[in-house]
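Note sheet for the following structure.
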Amino acid sequence: MQDLGIKVLFQGRNFIRLLEGLWVTIGISLVAVAISIVLGIILGMIMSVKNPFIKAVTRLYREFVRVMPQLVLLFIVYFGVTKAFGIHLSGEIAAVIVFSLWGTAEMGDLVRGALASIPKHQYESGKAIGLTNLQIYIYIIIPQTVRRLVPLAINLVTRMIKTTSLIALIGVVEVVKVGQQIIEASRLTVPSAALWIYGVVFFLYFIVCYPISLLAAKLEKAWKS
Amino acid sequence: MGTKMDFEFIKEYIPLYIEAAKLTVRIALIGILISIALGFLLSLIRYYKIPVLHRIAGGYIELSRNTPLLIQLFFLYFGLPRAGIILSSEACAIVGLTFLGSSYMAEAFRSGLEAVPDSQLESGLSLGLTRFQVVRYVLMPQAVTISIPAFAANVIFLIKETSVFSAVALADLMYTAKDLIGLYYETNEALFMLVAAYLIILLPISILFSFVERKVRYAGFGD
C-alpha cells in the first residue's frame, strides 16, 4: 500500500512521540548553546589577549575542536572518557559536554573576530577622552561587538540543532531515534514507513531551523550599516 | 582499564584505517568536486536572477542548508528504497554530500559575486569591454578572491560531515573505529587512531587554506 504509508504517522501516539523527540533535540541544543555563549564570550576575550602562551593554548583548543568532526568528539567523550576513567556518562550528558566544547570554540572565534573587527581608533578615542579600560569595553566595544555577534550566534543555534541529529548514533532517544523506533515497529504493517517517517523528520528539522536562519539573515541585514 | 596504549594492536589495525581513510577521502573528493560545479552553476542562477530557476534554486538551498546531513542520508538510504529507488551506500554518500555541499558552495560563490560593486562592472563596460570580458576579467577574479574564506570553510566542513557516512554502512574511518570498539573493546587505541587519521587528513588542508587566505587578502584594496 505505497500511497497510504503516511498513515503510520497518525497511528497511536506516533506523531506526538516524534514531536517529543524533537523537543529533546531542541532542549539539548539550547542547553549547549547557552553554555557555549557564556563560555565563548569569555574564551573570545581571552583569545584577544596579546600573550603568546595564552594565544597558543587557545588556538590549539580551537583548531582541535573545529577540525575534528563532531561525531568523533562524541565518540571520544561517550566511549573514550567512559573507558579511560571508568565513569558512566549518559548519552545526553556526553552530548551536552561535546556540543558545549564545540560551541565554545566556535563562539569564542566569533567573539574574537568581532572584537578584532572593531577599529583600533575606537579604543584610542576612548582612552583619549579619559575612560578606563573597563569603561571602554562596557560603553564602546561591547555594544558594537554585540551587533556583529548576534546574527552569527543565532546561526550557531541552527548549526547546533542540525548537529544534534548525530546523538541518535550514541543512543540518545531524540527525534531520529524515535523515527527509527516507529519504523521498526511498523516494519510489517507499513513497509513504506521509512520513506514517510524520514521525510517527516527532514521537514521537522527544516520547520525548526528555517525561521531561525531567516531571523539571523534579517538581523544581519538590518544591523549592517 | 587504564590509559596505557596497546601499540601492538595499533600496528595490527593501521592498514584497516588506511583503507578507510582512502574511502573517506575519495568520497569527500568526488562529493566536493561535484558540489563546487553545481554550487557555481546555482550561484550564477541566483546572481543573474534567471526566472523560475532562481526560485527553485533558492528553495533547494534553504531546504538543504536547514536540515542535517544524517537525515538526508537516512532518507536516501532507508527511505527511497521503499519508493523503489535503491542506492548503494557509496552512491548515497556521494548524493547526500552533494545535496548538502552544493547549497553551501552556492552561497559562498554568490556572496563573492554580490560583493563586487556594480561600479566595477559598469566601468568595464564603459571601457569598451564586451559583457563576456567584464565577467571574465572584472567580475570573476574579484568574486573568486572574496569567496575563498567561505569556500575553504565549506571544504573543511564537508570533509568533517563525511563522518556520518558510517550510519549508512559505509566502511569509513568512523565505521572502522566503531567496529574495533565493538569487537575488541580496545576503545582508547581505536579512538586514538581515529583522531590521528582525521588530523592527518584535515590539518594540512586547514593550514593550507589559512595560508591561501592570507595571500589573497593582499588582493583586496582599501575601502
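Naming works like this for the C-alpha cells: A, B, ... for the chains as they're shown, residue 1 at the start of each chain, ligands 1 onward in shown order.
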
Show me which bits of chain B are within 8 Å of chain A, counting only C-alpha atoms, as a PyMOL selection string. chain B and resi 1-3+62-63+66-68+70-72+74-75+78-83+156+160-161+163-164+167+174+187-188+191+194-195+198-199+202-203+206

Name the residues in contact with range 35-44 of chain B at a cut-off of 7 Å, using only C-alpha atoms, excluding same-chain residues fewer than 2 positions from it; report them as a ChimeraX atom specification. /B:31-33,46-48,57,98,101-103,105-107,109-110

Put those residues in a file: C-alpha atoms, as a PDB file, in the first residue's frame.
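Result file follows (part.pdb):
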```pdb
ATOM      1  CA  GLY B  31      31.311  14.964  -3.427  1.00  0.00           C
ATOM      2  CA  ILE B  32      33.167  18.238  -3.035  1.00  0.00           C
ATOM      3  CA  LEU B  33      34.112  18.491  -6.716  1.00  0.00           C
ATOM      4  CA  ARG B  46      20.850  33.210  -8.258  1.00  0.00           C
ATOM      5  CA  TYR B  47      23.144  36.106  -9.191  1.00  0.00           C
ATOM      6  CA  TYR B  48      21.545  36.702 -12.589  1.00  0.00           C
ATOM      7  CA  ALA B  57      17.441  27.154  -6.635  1.00  0.00           C
ATOM      8  CA  THR B  98      26.495  16.756  -2.978  1.00  0.00           C
ATOM      9  CA  GLY B 101      27.547  20.730  -0.319  1.00  0.00           C
ATOM     10  CA  SER B 102      26.128  22.363  -3.455  1.00  0.00           C
ATOM     11  CA  SER B 103      23.979  24.734  -1.435  1.00  0.00           C
ATOM     12  CA  MET B 105      29.138  26.300  -2.159  1.00  0.00           C
ATOM     13  CA  ALA B 106      26.401  28.236  -3.990  1.00  0.00           C
ATOM     14  CA  GLU B 107      26.061  30.620  -1.048  1.00  0.00           C
ATOM     15  CA  PHE B 109      30.142  31.957  -4.501  1.00  0.00           C
ATOM     16  CA  ARG B 110      27.030  34.131  -4.515  1.00  0.00           C
TER      17      ARG B 110
END
```

Which parts of range 46-201 of chain B does DSSP call alpha helix (DSSP H) when run on the backbone here, written out as number ranges by chain? B: 46-47, 53-65, 69-74, 89-115, 118-126, 131-133, 140-161, 173-184, 187-201

Distance query Ile141 in chain A at most 9 Å, only C-alpha atoms, self and fewer than 3 positions along chain excluded, as a list in words: Leu115, Ile118, Gln122, Tyr123, Ile136, Tyr137, Ile138, Gln144, Thr145 and Val146 of chain A

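For range 42-47 of chain A, the list of residues within 10 Å, based on only C-alpha atoms and with local chain neighbours fewer than 5 positions off taken out, reads Ser36, Ile37, Pro52, Ile54, Lys55, Ala56, Val57, Thr58, Arg59, Arg62, Thr104, Ala105, Glu106, Met107, Gly108, Asp109, Leu110, Val111, Arg112, Gly113, Ala114 and Leu115 of chain A.
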
Excluding same-chain residues fewer than 3 positions from Leu208 in chain B, what lies within 12 Å of it counting only C-alpha atoms, as a ChimeraX atom specification? /B:149,152-153,155-156,201-205,211-215

Write out, as a short mmCIF file (atom, residue, chain, number, x, y, z; two decimals), in the first residue's frame, the residues just selected, with all heavy atoms.
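Writing done, so here's part_8.cif:
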```cif
data_model
loop_
_atom_site.label_atom_id
_atom_site.label_comp_id
_atom_site.auth_asym_id
_atom_site.auth_seq_id
_atom_site.Cartn_x
_atom_site.Cartn_y
_atom_site.Cartn_z
N PRO B 149 37.62 32.52 1.62
CA PRO B 149 37.48 32.08 3.02
C PRO B 149 36.23 31.20 3.24
O PRO B 149 36.31 30.16 3.89
CB PRO B 149 37.37 33.39 3.80
CG PRO B 149 38.04 34.39 2.95
CD PRO B 149 37.77 33.99 1.54
N ALA B 152 36.80 27.80 1.64
CA ALA B 152 37.70 26.96 2.44
C ALA B 152 36.96 26.38 3.64
O ALA B 152 37.08 25.18 3.93
CB ALA B 152 38.89 27.79 2.91
N ALA B 153 36.18 27.21 4.30
CA ALA B 153 35.41 26.73 5.45
C ALA B 153 34.47 25.61 5.02
O ALA B 153 34.31 24.61 5.73
CB ALA B 153 34.62 27.87 6.07
N VAL B 155 34.85 23.50 2.45
CA VAL B 155 35.59 22.26 2.13
C VAL B 155 35.85 21.48 3.43
O VAL B 155 35.60 20.27 3.51
CB VAL B 155 36.91 22.57 1.40
CG1 VAL B 155 37.78 21.33 1.31
CG2 VAL B 155 36.63 23.11 0.01
N ILE B 156 36.33 22.19 4.45
CA ILE B 156 36.63 21.52 5.71
C ILE B 156 35.35 20.99 6.35
O ILE B 156 35.30 19.86 6.83
CB ILE B 156 37.40 22.48 6.64
CG1 ILE B 156 38.77 22.73 6.05
CG2 ILE B 156 37.50 21.91 8.05
CD1 ILE B 156 39.60 23.74 6.75
N ILE B 201 44.32 14.02 7.77
CA ILE B 201 43.59 14.48 6.58
C ILE B 201 43.30 15.98 6.65
O ILE B 201 43.51 16.71 5.69
CB ILE B 201 42.25 13.71 6.44
CG1 ILE B 201 42.52 12.24 6.19
CG2 ILE B 201 41.42 14.29 5.30
CD1 ILE B 201 41.27 11.38 6.23
N LEU B 202 42.85 16.44 7.82
CA LEU B 202 42.28 17.79 7.86
C LEU B 202 43.28 18.89 8.20
O LEU B 202 43.15 20.01 7.70
CB LEU B 202 41.13 17.83 8.86
CG LEU B 202 39.83 17.23 8.33
CD1 LEU B 202 38.88 16.89 9.44
CD2 LEU B 202 39.17 18.17 7.34
N LEU B 203 44.28 18.58 9.05
CA LEU B 203 45.20 19.66 9.44
C LEU B 203 45.93 20.30 8.26
O LEU B 203 45.95 21.52 8.15
CB LEU B 203 46.19 19.16 10.49
CG LEU B 203 45.89 19.49 11.95
CD1 LEU B 203 47.08 19.21 12.82
CD2 LEU B 203 45.43 20.95 12.11
N PRO B 204 46.52 19.47 7.36
CA PRO B 204 47.21 20.11 6.23
C PRO B 204 46.29 20.99 5.41
O PRO B 204 46.67 22.08 4.98
CB PRO B 204 47.70 18.91 5.41
CG PRO B 204 47.71 17.77 6.34
CD PRO B 204 46.62 18.01 7.31
N ILE B 205 45.04 20.52 5.22
CA ILE B 205 44.10 21.32 4.42
C ILE B 205 43.79 22.63 5.14
O ILE B 205 43.78 23.70 4.54
CB ILE B 205 42.80 20.51 4.19
CG1 ILE B 205 43.14 19.26 3.39
CG2 ILE B 205 41.77 21.34 3.46
CD1 ILE B 205 41.97 18.33 3.19
N PHE B 211 46.87 29.72 4.86
CA PHE B 211 47.96 30.34 4.10
C PHE B 211 47.40 31.05 2.86
O PHE B 211 47.72 32.22 2.60
CB PHE B 211 48.97 29.25 3.71
CG PHE B 211 50.08 29.74 2.85
CD1 PHE B 211 51.11 30.51 3.40
CD2 PHE B 211 50.11 29.43 1.50
CE1 PHE B 211 52.14 30.96 2.59
CE2 PHE B 211 51.14 29.89 0.70
CZ PHE B 211 52.16 30.66 1.24
N VAL B 212 46.55 30.35 2.12
CA VAL B 212 45.96 30.94 0.91
C VAL B 212 45.15 32.18 1.24
O VAL B 212 45.23 33.20 0.56
CB VAL B 212 45.07 29.90 0.18
CG1 VAL B 212 44.30 30.54 -0.97
CG2 VAL B 212 45.90 28.75 -0.33
N GLU B 213 44.38 32.08 2.35
CA GLU B 213 43.57 33.24 2.73
C GLU B 213 44.43 34.46 3.01
O GLU B 213 44.08 35.57 2.65
CB GLU B 213 42.75 32.91 3.99
CG GLU B 213 41.43 32.26 3.67
CD GLU B 213 40.75 31.76 4.92
OE1 GLU B 213 40.74 32.50 5.92
OE2 GLU B 213 40.26 30.62 4.90
N ARG B 214 45.56 34.22 3.68
CA ARG B 214 46.43 35.35 3.99
C ARG B 214 47.00 35.93 2.70
O ARG B 214 47.13 37.13 2.55
CB ARG B 214 47.55 34.89 4.92
CG ARG B 214 47.81 35.90 6.03
CD ARG B 214 48.77 35.34 7.06
NE ARG B 214 48.36 34.06 7.58
CZ ARG B 214 49.21 33.06 7.84
NH1 ARG B 214 50.50 33.20 7.61
NH2 ARG B 214 48.76 31.93 8.35
N LYS B 215 47.31 35.05 1.74
CA LYS B 215 47.86 35.51 0.45
C LYS B 215 46.84 36.37 -0.30
O LYS B 215 47.18 37.43 -0.80
CB LYS B 215 48.23 34.30 -0.42
CG LYS B 215 49.57 33.71 -0.08
CD LYS B 215 50.67 34.46 -0.80
CE LYS B 215 52.02 34.10 -0.20
NZ LYS B 215 53.00 35.16 -0.31
#
```

Counting only C-alpha atoms, which residue out of A:Leu9, A:Val96, A:Leu39, A:Ile140 sits closest to Glu124 in chain A? A:Ile140

For CA of Glu20 in chain A and CA of Arg187 in chain A, quote the distance in Å rounded to one decimal.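 Interatomic distance, CA of Glu20 in chain A to CA of Arg187 in chain A: 21.5 Å.
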
Report, in Å to a single decimal, how far apart CA of Ala153 in chain A and CA of Val38 in chain A are.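 Between CA of Val38 in chain A and CA of Ala153 in chain A the gap is 11.4 Å.
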
Go through A:Ile6, A:Leu22, A:Val150, A:Val178 and flag the residue nearest Leu219 in chain A, using only C-alpha atoms for the distances. A:Val150

Can you work out the spacing between CA of Gly112 in chain B and CA of Ile146 in chain B in Å, to one decimal?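 Distance between the two atoms: 5.1 Å.
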